[in-house]
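Here's the structure, in structure tokens; my notes come after.
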Amino acid sequence: MTRALEAMGEAALSTRNLVLLSEYARQSIRRTVVQRYLDASGNLPAYFVDASIEHAVESAVEHGEQNSHLSMAPQTIRDILDRIQRKIGSPEGPVVAVTTSGARYFLRQIVEPSMANLFFLSHNEIPAGVKMVSLGVIQ
């Protein structure tokens, strides 16, 4: 917790945006965040999000002084959710998808109501030395 609070304190010098502050905190405790998703060999099995999806989400984010929100057409959100569900299905246990830090929070918001076992990690949250094992690409 100390690391997370320190990271938020440092980041608070440049922003008061809660979404951005939480991303800084997650990156500071990356080992703890990733630990629960590692397999018995210490590898991180994960899907990777295609750059086209990441770009669509990131370009639809509006950052304000206090918060950020996704300003995306409902049909586009449904399309992204359909693409994710086609690739991953309905996982019974925790499944990880790796994406950019700019898209992570918003992709989680999109899938949370229907895919509670899908978790998004940003590339910045994965500690050096953790081997990622690709399960495929979400396109």
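Residues are named by chain letter and number: chains run A, B, ... in the order of the structure tokens, numbers start at 1 in each chain, and ligands are numbered from 1 in the order shown.
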
12 Å contact set for Ala51 in chain A, only C-alpha atoms, chain neighbours under 6 positions out, as a JSON list (two decimals) with C-alpha atoms, in the first residue's frame:
[["chain", "number", "residue", "atom", "x", "y", "z"],
["A", 57, "VAL", "CA", -10.90, 3.00, -27.22],
["A", 58, "GLU", "CA", -8.08, 5.46, -26.55],
["A", 59, "SER", "CA", -9.34, 7.91, -29.18],
["A", 98, "VAL", "CA", -2.98, -7.38, -22.03],
["A", 99, "THR", "CA", -3.49, -3.93, -23.51],
["A", 100, "THR", "CA", -2.17, -0.38, -23.30],
["A", 102, "GLY", "CA", -4.69, 4.12, -21.94],
["A", 103, "ALA", "CA", -7.26, 1.46, -22.87],
["A", 137, "VAL", "CA", -5.01, -11.94, -30.16],
["A", 138, "ILE", "CA", -8.36, -10.25, -29.67],
["A", 139, "GLN", "CA", -9.03, -8.62, -33.05]]

Run DSSP on the backbone of this structure and report the residues of range 9-117 of chain A it assigns to strand (DSSP E), as a VMD selection string. chain A and resid 44 to 49 61 to 63 68 to 70 95 to 99

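Distance annotation: of A:Val96, A:Asn67, A:Pro127, A:Lys87, the residue with the minimal separation from Ser22 in chain A is A:Asn67; atom set is only C-alpha atoms.
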
Considering only C-alpha atoms, return as a list in words whatever protein or nucleic-acid residues lie within 12 Å of Leu38 in chain A, sequence-local ones (same chain, fewer than 4 positions apart) excluded. Arg31, Thr32, Val33, Val34, Gly42, Asn43, Leu44, Pro45, Ala46, Pro94, Val95, Val96, Ile126, Pro127, Val130, Lys131, Met132 and Val133 of chain A

Where in chain A does DSSP assign helix (DSSP H, G or I), given as a compact mmCIF listing (two decimals) with C-alpha atoms, in the first residue's frame?
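File out.txt, as written:
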# COMPACT_ATOMS: atom_id res chain seq x y z
CA THR A 2 2.85 2.36 0.74
CA ARG A 3 4.12 2.12 -2.84
CA ALA A 4 0.67 2.79 -4.24
CA LEU A 5 0.16 5.83 -2.04
CA GLU A 6 3.60 7.18 -2.89
CA ALA A 7 2.91 6.77 -6.61
CA MET A 8 -0.44 8.52 -6.30
CA GLY A 9 1.18 11.33 -4.31
CA GLU A 10 3.84 11.85 -6.96
CA ALA A 11 1.33 11.70 -9.80
CA LEU A 18 -8.80 9.64 -10.58
CA VAL A 19 -8.51 7.27 -13.54
CA LEU A 20 -4.95 8.37 -14.27
CA LEU A 21 -4.00 8.27 -10.59
CA SER A 22 -5.27 4.70 -10.28
CA GLU A 23 -3.20 3.67 -13.31
CA TYR A 24 -0.07 5.13 -11.69
CA ALA A 25 -0.86 3.25 -8.47
CA ARG A 26 -1.40 -0.06 -10.30
CA GLN A 27 1.94 0.31 -12.08
CA SER A 28 3.73 0.91 -8.80
CA ARG A 30 2.72 -4.38 -10.55
CA ARG A 31 4.16 -7.47 -8.87
CA THR A 32 1.14 -7.70 -6.58
CA VAL A 33 -1.33 -7.01 -9.41
CA VAL A 34 0.12 -9.71 -11.69
CA GLN A 35 0.87 -12.35 -9.04
CA ALA A 51 -3.92 -2.27 -31.75
CA SER A 52 -7.07 -1.37 -33.71
CA ILE A 53 -9.25 -1.96 -30.63
CA GLU A 54 -6.81 -0.13 -28.38
CA HIS A 55 -6.76 2.86 -30.73
CA ALA A 56 -10.56 2.95 -31.00
CA VAL A 57 -10.90 3.00 -27.22
CA GLU A 58 -8.08 5.46 -26.55
CA SER A 59 -9.34 7.91 -29.18
CA PRO A 74 -23.15 2.14 -28.11
CA GLN A 75 -22.88 0.11 -31.33
CA THR A 76 -19.09 0.44 -31.28
CA ILE A 77 -19.01 -0.71 -27.65
CA ARG A 78 -21.19 -3.72 -28.56
CA ASP A 79 -18.90 -4.50 -31.50
CA ILE A 80 -15.81 -4.48 -29.26
CA LEU A 81 -17.58 -6.65 -26.68
CA ASP A 82 -18.67 -9.11 -29.41
CA ARG A 83 -15.11 -9.34 -30.72
CA ILE A 84 -13.80 -10.07 -27.22
CA GLN A 85 -16.50 -12.67 -26.52
CA ARG A 86 -15.91 -14.43 -29.85
CA LYS A 87 -12.24 -14.86 -29.02
CA ILE A 88 -12.45 -15.69 -25.32
CA SER A 101 -2.50 1.61 -20.10
CA GLY A 102 -4.69 4.12 -21.94
CA ALA A 103 -7.26 1.46 -22.87
CA ARG A 104 -7.08 -0.88 -19.84
CA TYR A 105 -9.53 0.85 -17.51
CA PHE A 106 -12.14 1.42 -20.22
CA LEU A 107 -11.96 -2.09 -21.69
CA ARG A 108 -12.55 -3.42 -18.18
CA GLN A 109 -15.61 -1.17 -17.91
CA ILE A 110 -16.95 -2.50 -21.20
CA VAL A 111 -16.65 -6.21 -20.30
CA HIS A 123 1.90 -3.65 -20.54
CA ASN A 124 3.26 -1.27 -17.88
CA GLU A 125 1.89 -3.48 -15.10

Would you pick out the contacts of Val61 in chain A at 7 Å or less, using only C-alpha atoms, so that residues sharing its chain but fewer than 5 positions from it are not included, and give the list as a PyMOL selection string? chain A and resi 68-71

Distance of CA of Ala128 in chain A from CA of Gly93 in chain A, expressed in Å to one decimal place: 25.2 Å

At what distance in Å, to one decimal, does CA of Met115 in chain A lie from CA of Ala60 in chain A?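 Between CA of Ala60 in chain A and CA of Met115 in chain A the gap is 21.6 Å.
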
Using only C-alpha atoms, can you tell me which of A:Val49, A:Ile29, A:Ala40, A:Leu135 comes closest to Phe120 in chain A?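 The closest residue to Phe120 in chain A is A:Val49.
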
Give me, please, the distance in Å between CA of Asp39 in chain A and CA of Ser114 in chain A, quoted to one decimal.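 CA of Ser114 in chain A lies 24.5 Å from CA of Asp39 in chain A.
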